[in-house]
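S.K.: My structure file structure.tsv, TSV, C-alpha atoms, is below:
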```tsv
chain	number	residue	atom	x	y	z
A	7	MET	CA	6.22	-6.78	-29.53
A	8	SER	CA	4.45	-9.81	-30.97
A	9	PHE	CA	7.79	-11.26	-31.96
A	10	LEU	CA	9.30	-10.63	-28.53
A	11	LEU	CA	6.36	-11.86	-26.46
A	12	ALA	CA	4.18	-14.62	-27.90
A	13	SER	CA	2.72	-15.42	-24.48
A	14	ILE	CA	3.53	-15.40	-20.78
A	15	SER	CA	4.55	-18.79	-19.42
A	16	SER	CA	3.25	-20.01	-16.07
A	17	PRO	CA	5.37	-21.93	-13.57
A	18	HIS	CA	4.37	-25.60	-13.49
A	19	THR	CA	4.61	-25.60	-9.71
A	20	GLY	CA	4.20	-22.95	-7.05
A	21	VAL	CA	6.48	-24.75	-4.60
A	22	PHE	CA	10.25	-24.95	-4.29
A	23	HIS	CA	12.33	-26.65	-1.63
A	24	ILE	CA	15.09	-25.41	0.66
A	25	PHE	CA	16.93	-28.10	2.61
A	26	GLY	CA	14.09	-30.46	1.84
A	27	ARG	CA	11.38	-28.17	3.20
A	28	PRO	CA	8.67	-26.89	0.82
A	29	ILE	CA	8.30	-23.14	0.32
A	30	HIS	CA	4.98	-22.06	-1.20
A	31	LEU	CA	5.46	-19.08	-3.49
A	32	TYR	CA	1.89	-17.94	-2.84
A	33	GLY	CA	2.63	-17.54	0.84
A	34	LEU	CA	6.02	-16.02	0.08
A	35	MET	CA	4.43	-13.33	-2.09
A	36	LEU	CA	1.94	-12.54	0.68
A	37	LEU	CA	4.86	-12.12	3.05
A	38	VAL	CA	6.66	-9.79	0.63
A	39	ALA	CA	3.42	-7.81	0.22
A	40	ILE	CA	3.03	-7.38	3.97
A	41	VAL	CA	6.64	-6.28	4.37
A	42	ALA	CA	6.24	-3.74	1.55
A	43	CYS	CA	3.11	-2.32	3.19
A	44	ILE	CA	4.84	-2.06	6.56
A	45	TRP	CA	7.87	-0.34	5.02
A	46	LEU	CA	5.91	2.30	3.10
A	47	THR	CA	3.59	3.00	6.04
A	48	TRP	CA	6.55	3.17	8.44
A	49	VAL	CA	8.30	5.74	6.23
A	50	ARG	CA	5.16	7.87	5.88
A	51	TRP	CA	4.14	7.69	9.53
A	52	LYS	CA	7.64	8.54	10.77
A	53	ARG	CA	7.89	11.45	8.32
A	54	TRP	CA	4.62	12.80	9.72
A	55	GLY	CA	6.03	12.71	13.24
A	56	GLY	CA	4.32	9.53	14.40
A	57	ASP	CA	5.81	6.69	16.42
A	58	PRO	CA	7.15	4.13	13.90
A	59	ASP	CA	6.83	1.34	16.49
A	60	LEU	CA	3.07	1.79	16.26
A	61	VAL	CA	3.23	0.66	12.63
A	62	LEU	CA	4.77	-2.65	13.70
A	63	ARG	CA	2.12	-3.20	16.38
A	64	VAL	CA	-0.64	-2.49	13.90
A	65	ALA	CA	0.99	-4.84	11.38
A	66	VAL	CA	1.10	-7.73	13.87
A	67	TRP	CA	-2.50	-7.44	15.04
A	68	GLY	CA	-4.02	-6.05	11.86
A	69	GLY	CA	-2.16	-8.52	9.65
A	70	GLY	CA	-3.37	-11.50	11.66
A	71	ALA	CA	-6.92	-10.18	11.70
A	72	GLY	CA	-6.69	-9.55	7.96
A	73	ILE	CA	-5.94	-13.19	7.24
A	74	VAL	CA	-8.88	-14.26	9.42
A	75	GLY	CA	-11.17	-11.75	7.71
A	76	ALA	CA	-10.01	-12.77	4.24
A	77	ARG	CA	-10.78	-16.42	4.98
A	78	LEU	CA	-14.17	-15.59	6.49
A	79	TYR	CA	-15.11	-13.58	3.42
A	80	HIS	CA	-14.17	-16.50	1.18
A	81	ASP	CA	-16.14	-18.97	3.31
A	82	ILE	CA	-19.25	-16.76	3.18
A	83	THR	CA	-19.17	-15.81	-0.51
A	84	SER	CA	-17.77	-19.10	-1.91
A	85	TRP	CA	-19.20	-21.66	0.49
A	86	ASN	CA	-19.34	-24.32	-2.23
A	87	GLU	CA	-15.53	-24.23	-2.55
A	88	VAL	CA	-14.84	-24.89	1.14
A	89	PRO	CA	-13.34	-28.38	1.69
A	90	ASN	CA	-15.90	-30.81	3.08
A	91	HIS	CA	-14.10	-31.45	6.37
A	92	TRP	CA	-14.49	-30.04	9.87
A	93	TRP	CA	-11.33	-28.04	9.28
A	94	GLY	CA	-12.48	-26.88	5.83
A	95	PRO	CA	-13.45	-23.31	6.84
A	96	PHE	CA	-9.96	-22.80	8.29
A	97	ALA	CA	-7.98	-24.40	5.45
A	98	VAL	CA	-6.10	-21.33	4.26
A	99	TRP	CA	-3.42	-23.63	2.88
A	100	GLU	CA	-5.93	-24.92	0.31
A	101	GLY	CA	-6.51	-21.44	-1.08
A	102	GLY	CA	-9.38	-19.04	-0.78
A	103	LEU	CA	-8.77	-15.55	0.61
A	104	GLY	CA	-11.08	-12.61	-0.05
A	105	VAL	CA	-9.35	-9.23	-0.15
A	106	TRP	CA	-12.48	-7.39	1.01
A	107	GLY	CA	-12.72	-9.35	4.26
A	108	GLY	CA	-9.01	-8.99	4.87
A	109	ILE	CA	-9.03	-5.21	4.46
A	110	PHE	CA	-12.18	-4.78	6.57
A	111	LEU	CA	-11.18	-6.82	9.60
A	112	GLY	CA	-7.50	-5.90	9.36
A	113	CYS	CA	-8.29	-2.18	9.29
A	114	LEU	CA	-10.85	-2.54	12.08
A	115	VAL	CA	-8.38	-4.21	14.43
A	116	GLY	CA	-5.59	-1.89	13.29
A	117	ALA	CA	-7.77	1.16	14.06
A	118	TRP	CA	-8.40	-0.21	17.55
A	119	ILE	CA	-4.64	-0.53	18.15
A	120	VAL	CA	-4.05	3.04	16.93
A	121	HIS	CA	-6.87	4.36	19.13
A	122	ARG	CA	-5.51	2.61	22.20
A	123	ALA	CA	-2.11	4.16	21.48
A	124	GLY	CA	-3.68	7.62	21.57
A	125	ALA	CA	-2.84	8.43	17.95
A	126	SER	CA	-5.17	9.73	15.23
A	127	VAL	CA	-7.01	6.83	13.61
A	128	PHE	CA	-8.04	8.95	10.62
A	129	LEU	CA	-4.50	10.14	10.02
A	130	PHE	CA	-3.11	6.63	10.28
A	131	MET	CA	-5.68	5.46	7.72
A	132	ASP	CA	-4.26	7.98	5.26
A	133	ALA	CA	-0.73	6.88	6.09
A	134	VAL	CA	-1.45	3.21	5.39
A	135	ALA	CA	-3.61	3.66	2.25
A	136	PRO	CA	-0.78	3.60	-0.36
A	137	GLY	CA	0.87	0.68	1.45
A	138	LEU	CA	-2.30	-1.39	1.33
A	139	LEU	CA	-2.61	-0.85	-2.41
A	140	LEU	CA	1.05	-1.74	-2.88
A	141	ALA	CA	0.53	-4.95	-0.90
A	142	GLN	CA	-2.50	-5.90	-2.96
A	143	GLY	CA	-0.55	-5.50	-6.19
A	144	ILE	CA	2.40	-7.56	-4.98
A	145	GLY	CA	0.15	-10.22	-3.49
A	146	ARG	CA	-1.47	-10.86	-6.88
A	147	TRP	CA	1.75	-12.53	-8.02
A	148	GLY	CA	0.74	-15.41	-5.77
A	149	ASN	CA	-2.13	-16.06	-8.19
A	150	TYR	CA	0.40	-16.27	-11.00
A	151	PHE	CA	2.41	-18.97	-9.24
A	152	ASN	CA	-0.80	-20.88	-8.44
A	153	GLN	CA	-2.18	-20.49	-11.99
A	154	GLU	CA	-5.49	-19.16	-10.67
A	155	LEU	CA	-7.89	-16.21	-10.95
A	156	TYR	CA	-6.99	-15.48	-14.57
A	157	GLY	CA	-9.23	-13.87	-17.17
A	158	LYS	CA	-11.03	-14.92	-20.33
A	159	PRO	CA	-9.23	-16.60	-23.22
A	160	THR	CA	-7.17	-14.27	-25.40
A	161	SER	CA	-4.86	-14.44	-28.37
A	162	LEU	CA	-3.04	-11.26	-27.42
A	163	PRO	CA	0.77	-11.59	-27.33
A	164	TRP	CA	0.76	-11.18	-23.53
A	165	GLY	CA	-1.74	-13.98	-23.01
A	166	LEU	CA	-0.99	-16.13	-19.97
A	167	LYS	CA	-0.36	-19.85	-20.59
A	168	ILE	CA	-2.33	-22.03	-18.19
A	169	ASP	CA	-1.65	-25.76	-17.80
A	170	PHE	CA	-4.58	-28.03	-18.63
A	171	GLU	CA	-5.09	-29.17	-15.02
A	172	HIS	CA	-5.50	-25.54	-13.89
A	173	ARG	CA	-8.09	-24.54	-16.49
A	174	VAL	CA	-11.64	-23.98	-15.32
A	175	PRO	CA	-14.53	-26.00	-16.83
A	176	GLY	CA	-15.76	-24.51	-20.07
A	177	TYR	CA	-12.30	-23.34	-21.10
A	178	LEU	CA	-10.41	-26.63	-21.29
A	179	GLY	CA	-9.75	-26.13	-24.99
A	180	ASN	CA	-8.06	-22.77	-24.50
A	181	SER	CA	-4.44	-22.35	-23.52
A	182	THR	CA	-3.83	-18.61	-23.11
A	183	PHE	CA	-5.87	-16.24	-20.93
A	184	HIS	CA	-5.86	-12.62	-19.81
A	185	PRO	CA	-3.22	-12.22	-17.06
A	186	THR	CA	-5.50	-10.38	-14.63
A	187	PHE	CA	-2.86	-10.67	-11.92
A	188	LEU	CA	-0.53	-8.57	-14.09
A	189	TYR	CA	-3.23	-6.07	-14.95
A	190	GLU	CA	-3.98	-5.50	-11.27
A	191	PHE	CA	-0.29	-5.36	-10.38
A	192	PHE	CA	0.36	-2.47	-12.76
A	193	TYR	CA	-2.95	-0.80	-11.95
A	194	ASP	CA	-2.17	-0.90	-8.22
A	195	LEU	CA	1.37	0.41	-8.71
A	196	ILE	CA	0.01	3.35	-10.70
A	197	GLY	CA	-2.53	3.89	-7.92
A	198	VAL	CA	0.22	3.99	-5.30
A	199	GLY	CA	1.92	6.75	-7.26
A	200	ILE	CA	-1.36	8.67	-7.61
A	201	LEU	CA	-2.13	8.44	-3.89
A	202	LEU	CA	1.36	9.58	-2.94
A	203	TRP	CA	1.14	12.48	-5.37
A	204	VAL	CA	-2.34	13.56	-4.27
A	205	GLY	CA	-1.37	13.29	-0.60
A	206	SER	CA	1.66	15.53	-1.09
A	207	ARG	CA	0.11	17.97	-3.57
A	208	PHE	CA	-3.27	18.70	-1.96
A	209	ARG	CA	-4.64	19.31	1.51
A	210	ILE	CA	-6.71	16.20	2.16
A	211	ARG	CA	-8.82	15.90	5.27
A	212	PRO	CA	-8.01	12.53	6.88
A	213	PRO	CA	-9.24	9.90	6.13
A	214	GLY	CA	-9.93	11.29	2.67
A	215	LEU	CA	-6.89	9.62	1.13
A	216	PHE	CA	-8.07	6.26	2.43
A	217	ALA	CA	-11.44	6.87	0.79
A	218	LEU	CA	-9.69	7.65	-2.50
A	219	TYR	CA	-7.74	4.40	-2.17
A	220	VAL	CA	-10.98	2.43	-1.80
A	221	SER	CA	-12.58	4.21	-4.75
A	222	TYR	CA	-9.56	3.73	-6.99
A	223	TYR	CA	-9.20	0.04	-6.21
A	224	CYS	CA	-12.92	-0.67	-6.59
A	225	PHE	CA	-13.04	1.08	-9.96
A	226	GLY	CA	-10.31	-1.18	-11.38
A	227	ARG	CA	-11.53	-4.29	-9.58
A	228	PHE	CA	-14.96	-3.98	-11.23
A	229	PHE	CA	-13.46	-4.27	-14.70
A	230	GLU	CA	-11.18	-7.07	-13.56
A	231	GLU	CA	-14.23	-9.00	-12.39
A	232	LEU	CA	-15.72	-8.67	-15.88
A	233	LEU	CA	-12.68	-10.50	-17.23
A	234	ARG	CA	-12.26	-13.28	-14.68
A	235	VAL	CA	-13.61	-16.76	-15.35
A	236	ASP	CA	-12.97	-18.49	-12.01
A	237	PRO	CA	-16.10	-19.87	-10.29
A	238	SER	CA	-18.18	-17.20	-8.60
A	239	HIS	CA	-21.75	-16.65	-7.47
A	240	HIS	CA	-23.70	-14.17	-9.58
A	241	PHE	CA	-26.47	-11.67	-8.89
A	242	LEU	CA	-28.39	-10.02	-11.73
A	243	GLY	CA	-25.77	-11.20	-14.21
A	244	LEU	CA	-22.75	-9.84	-12.34
A	245	ARG	CA	-20.26	-11.59	-10.11
A	246	ILE	CA	-20.69	-10.91	-6.39
A	247	ASN	CA	-17.34	-9.14	-6.17
A	248	ALA	CA	-18.36	-6.85	-9.03
A	249	TRP	CA	-21.38	-5.77	-6.99
A	250	VAL	CA	-19.18	-5.29	-3.94
A	251	SER	CA	-16.92	-3.05	-6.03
A	252	ILE	CA	-19.89	-0.96	-7.20
A	253	VAL	CA	-21.31	-0.49	-3.71
A	254	LEU	CA	-17.96	0.34	-2.10
A	255	PHE	CA	-17.03	2.70	-4.95
A	256	VAL	CA	-20.26	4.66	-4.54
A	257	LEU	CA	-19.93	4.80	-0.75
A	258	SER	CA	-16.25	5.77	-0.66
A	259	THR	CA	-16.53	8.34	-3.46
A	260	GLY	CA	-19.62	9.87	-1.90
A	261	PHE	CA	-17.88	10.01	1.46
A	262	PHE	CA	-14.81	11.70	-0.04
A	263	VAL	CA	-16.87	14.37	-1.80
A	264	TRP	CA	-18.87	15.11	1.35
A	265	TRP	CA	-15.89	14.98	3.69
A	266	GLN	CA	-13.57	17.07	1.52
A	267	PHE	CA	-15.88	19.58	-0.15
A	268	ILE	CA	-19.24	19.78	1.61
A	269	ARG	CA	-18.76	19.07	5.32
A	270	GLU	CA	-18.43	22.22	7.40
A	271	VAL	CA	-15.57	22.18	9.90
A	272	PRO	CA	-15.99	24.51	12.90
A	273	GLY	CA	-12.25	24.59	13.57
A	274	ASP	CA	-9.09	23.07	12.28
A	275	ASP	CA	-10.14	19.66	10.96
A	276	GLU	CA	-6.61	18.34	11.40
A	277	ARG	CA	-6.20	18.96	15.13
A	278	GLY	CA	-3.51	16.71	16.51
A	279	ARG	CA	-1.95	16.15	13.10
A	280	PRO	CA	1.71	15.48	13.86
A	281	ARG	CA	2.92	17.35	10.78
A	282	PRO	CA	2.13	20.67	9.09
A	283	ALA	CA	-0.39	20.52	6.26
A	284	PRO	CA	1.04	20.54	2.73
A	285	SER	CA	1.20	23.98	1.17
A	286	GLY	CA	-0.47	22.99	-2.09
A	287	PRO	CA	-3.98	23.85	-3.36
A	288	ALA	CA	-6.94	22.43	-1.47
A	289	MET	CA	-8.52	20.20	-4.13
A	290	ALA	CA	-10.59	23.14	-5.41
A	291	VAL	CA	-12.12	23.74	-1.98
A	292	PRO	CA	-12.95	27.47	-1.66
A	293	LYS	CA	-10.54	29.42	0.52
A	294	GLY	CA	-11.88	29.63	4.02
A	295	ARG	CA	-13.55	26.21	3.91
A	296	VAL	CA	-10.28	24.51	4.82
A	297	ARG	CA	-8.63	25.90	7.91
```
Spit out the file's structure as structure tokens when you get a sec.

M.R.:
Amino acid sequence: MSFLLASISSPHTGVFHIFGRPIHLYGLMLLVAIVACIWLTWVRWKRWGGDPDLVLRVAVWGGGAGIVGARLYHDITSWNEVPNHWWGPFAVWEGGLGVWGGIFLGCLVGAWIVHRAGASVFLFMDAVAPGLLLAQGIGRWGNYFNQELYGKPTSLPWGLKIDFEHRVPGYLGNSTFHPTFLYEFFYDLIGVGILLWVGSRFRIRPPGLFALYVSYYCFGRFFEELLRVDPSHHFLGLRINAWVSIVLFVLSTGFFVWWQFIREVPGDDERGRPRPAPSGPAMAVPKGRVR
């Protein structure tokens, strides 16, 4: 392996031109990520008997809100990196999107659209969970093209080469770094497979699968934050996003355990579900607790 892969090269530019017009690969990867999320959610929602057109409406409104939320999160948590102009807080084209803000506001607006359509918000959350994780993994390739958000220096054969002008202060003498974008890409793809398997194998009370998605992502994101060297505010020795991962992991995992195993349901907890429940075991829930 060491002979085959001495290091991973980085593109010297994240822009290419078509008919003289610049195409930013970062934005292109975000577009591919959104399309992948829409496709997987569309397939799942249609298979469950839902209206596939609803997925497109949620994508339009939720996607736009997600970009706004991602930028707001960046402005709040990394205020020192906002360009010093009146348009600085809105300058998405100069980088700076926080995944937490994007997921929160995007899901909030998306849930409102689903509710107005008269569909089950909880069920739709489970339908979209694997697609969101898939989109996050694909979107990380934008960091590769921008040579940003990489990890600590490493001499491993899969170390990522970073050009001098893209190295952060304190690491100017190093040339290869942990490719955190690649780590998250593979981690997220594995997570997509796990969510799809769990959703088809066990009877999960919506939005339990969405809670598992949050827990899974936060678990991996915490360790990724321990590797990253890009500028970040710290609290008690940890990066802010590491603390966010801890808090969200505890909340989502606690919610899943309570919702799936402890919460008493007076009747069928999946009333209005547009598809029959899977016939598999109920995640070790005693018979009679799940109706």

S.K.: Counting all atoms listed in the file, figure out which residue out of A:Phe151, A:Trp264, A:Phe191, A:Trp164 gets nearest to A:Phe22.

M.R.: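 Smallest distance to A:Phe22 is found for A:Phe151.
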
S.K.: Please report the interatomic distance between atom CA of A:Arg146 and atom CA of A:Ala42 in Å with one decimal.

M.R.: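 Atom CA of A:Ala42 lies at a distance of 13.5 Å from atom CA of A:Arg146.
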
S.K.: Could you state the separation of atom CA of A:Thr160 and atom CA of A:Tyr32 in Å, given to one decimal place?

M.R.: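 One can read the atom CA of A:Thr160 to atom CA of A:Tyr32 distance as 24.6 Å.
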
S.K.: From the options A:Leu233, A:Val61, A:Val271, A:Leu103, which residue's atoms come nearest to A:Tyr156, counting all atoms listed in the file?

M.R.: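 Of A:Leu233, A:Val61, A:Val271, A:Leu103, the one nearest A:Tyr156 is A:Leu233, counting all atoms listed in the file.
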
S.K.: For a cutoff of 9 Å around the file-coordinate point (-9.8, -21.6, -25.0), which residues qualify once you count only C-alpha atoms? I'd like the result as a list in words.

M.R.: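 The requested residues, written out, are Lys158, Pro159, Thr160, Gly176, Tyr177, Leu178, Gly179, Asn180, Ser181, Thr182 and Phe183 of chain A.
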
S.K.: Which residues, written as a PyMOL selection string, have at least one atom at most 10 Å from A:Thr19, with all atoms listed in the file counted and residues fewer than 2 positions away on the same chain left out?

M.R.: chain A and resi 16-17+21-22+30-31+151-153

S.K.: Kindly export the residues of the current selection with C-alpha atoms, as a compact mmCIF listing (two decimals), keeping the file's coordinate frame.

M.R.:
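Done, and the output landed in part_6.txt:
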```
# COMPACT_ATOMS: atom_id res chain seq x y z
CA SER A 16 3.25 -20.01 -16.07
CA PRO A 17 5.37 -21.93 -13.57
CA VAL A 21 6.48 -24.75 -4.60
CA PHE A 22 10.25 -24.95 -4.29
CA HIS A 30 4.98 -22.06 -1.20
CA LEU A 31 5.46 -19.08 -3.49
CA PHE A 151 2.41 -18.97 -9.24
CA ASN A 152 -0.80 -20.88 -8.44
CA GLN A 153 -2.18 -20.49 -11.99
```

S.K.: Near A:Ser15, counting only C-alpha atoms, which residues have an atom at most 9 Å away, once you skip same-chain residues fewer than 4 positions from it, shown as a PyMOL selection string?

M.R.: chain A and resi 165-168

S.K.: Measure the distance from atom CA of A:Gly107 to atom CA of A:Leu78 in Å and round it to one decimal.

M.R.: 6.8 Å

S.K.: Rank nothing, just name the residue among A:Pro175, A:Pro163, A:Gly143, A:Gly33 nearest to A:Asp236, using only C-alpha atoms.

M.R.: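 Checking each candidate against A:Asp236, we get A:Pro175 as the closest.
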
S.K.: Please check which residues have atoms at most 12 Å from (-4.0, 0.7, 21.1) in the file's coordinates, counting only C-alpha atoms, and write them as a list in words.

M.R.: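 Residues with an atom at most 12 Å from (-4.0, 0.7, 21.1): Asp59, Leu60, Val61, Leu62, Arg63, Val64, Trp67, Gly68, Leu114, Val115, Gly116, Ala117, Trp118, Ile119, Val120, His121, Arg122, Ala123, Gly124, Ala125, Ser126 and Val127 of chain A.
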
S.K.: Given the choices A:Trp54, A:Phe208, A:Phe216, A:Tyr222, which gets closest to A:Ile196 if the distance is worked out from only C-alpha atoms?

M.R.: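 Distance minimum relative to A:Ile196 lands on A:Tyr222.
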
S.K.: Can you list, as an mmCIF file with C-alpha atoms, in the frame of the given file, every protein, DNA or RNA residue that comes within 8 Å of A:Glu154 when you count only C-alpha atoms, leaving out same-chain residues fewer than 4 positions away?

M.R.:
```
data_model
loop_
_atom_site.group_PDB
_atom_site.id
_atom_site.type_symbol
_atom_site.label_atom_id
_atom_site.label_comp_id
_atom_site.auth_asym_id
_atom_site.auth_seq_id
_atom_site.Cartn_x
_atom_site.Cartn_y
_atom_site.Cartn_z
ATOM 1 C CA ASN A 149 -2.130 -16.060 -8.190
ATOM 2 C CA TYR A 150 0.400 -16.270 -11.000
ATOM 3 C CA HIS A 172 -5.500 -25.540 -13.890
ATOM 4 C CA ASP A 236 -12.970 -18.490 -12.010
#
```

S.K.: Counting all atoms listed in the file, figure out which residue out of A:Gly72, A:Gly205, A:Gly157, A:Gly26 gets nearest to A:Phe187.

M.R.: A:Gly157

S.K.: Using all atoms listed in the file, which residue out of A:Ala248, A:Val134, A:Met35, A:Ile40 lies closest to A:Glu231?

M.R.: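 Of A:Ala248, A:Val134, A:Met35, A:Ile40, the one nearest A:Glu231, counting all atoms listed in the file, is A:Ala248.
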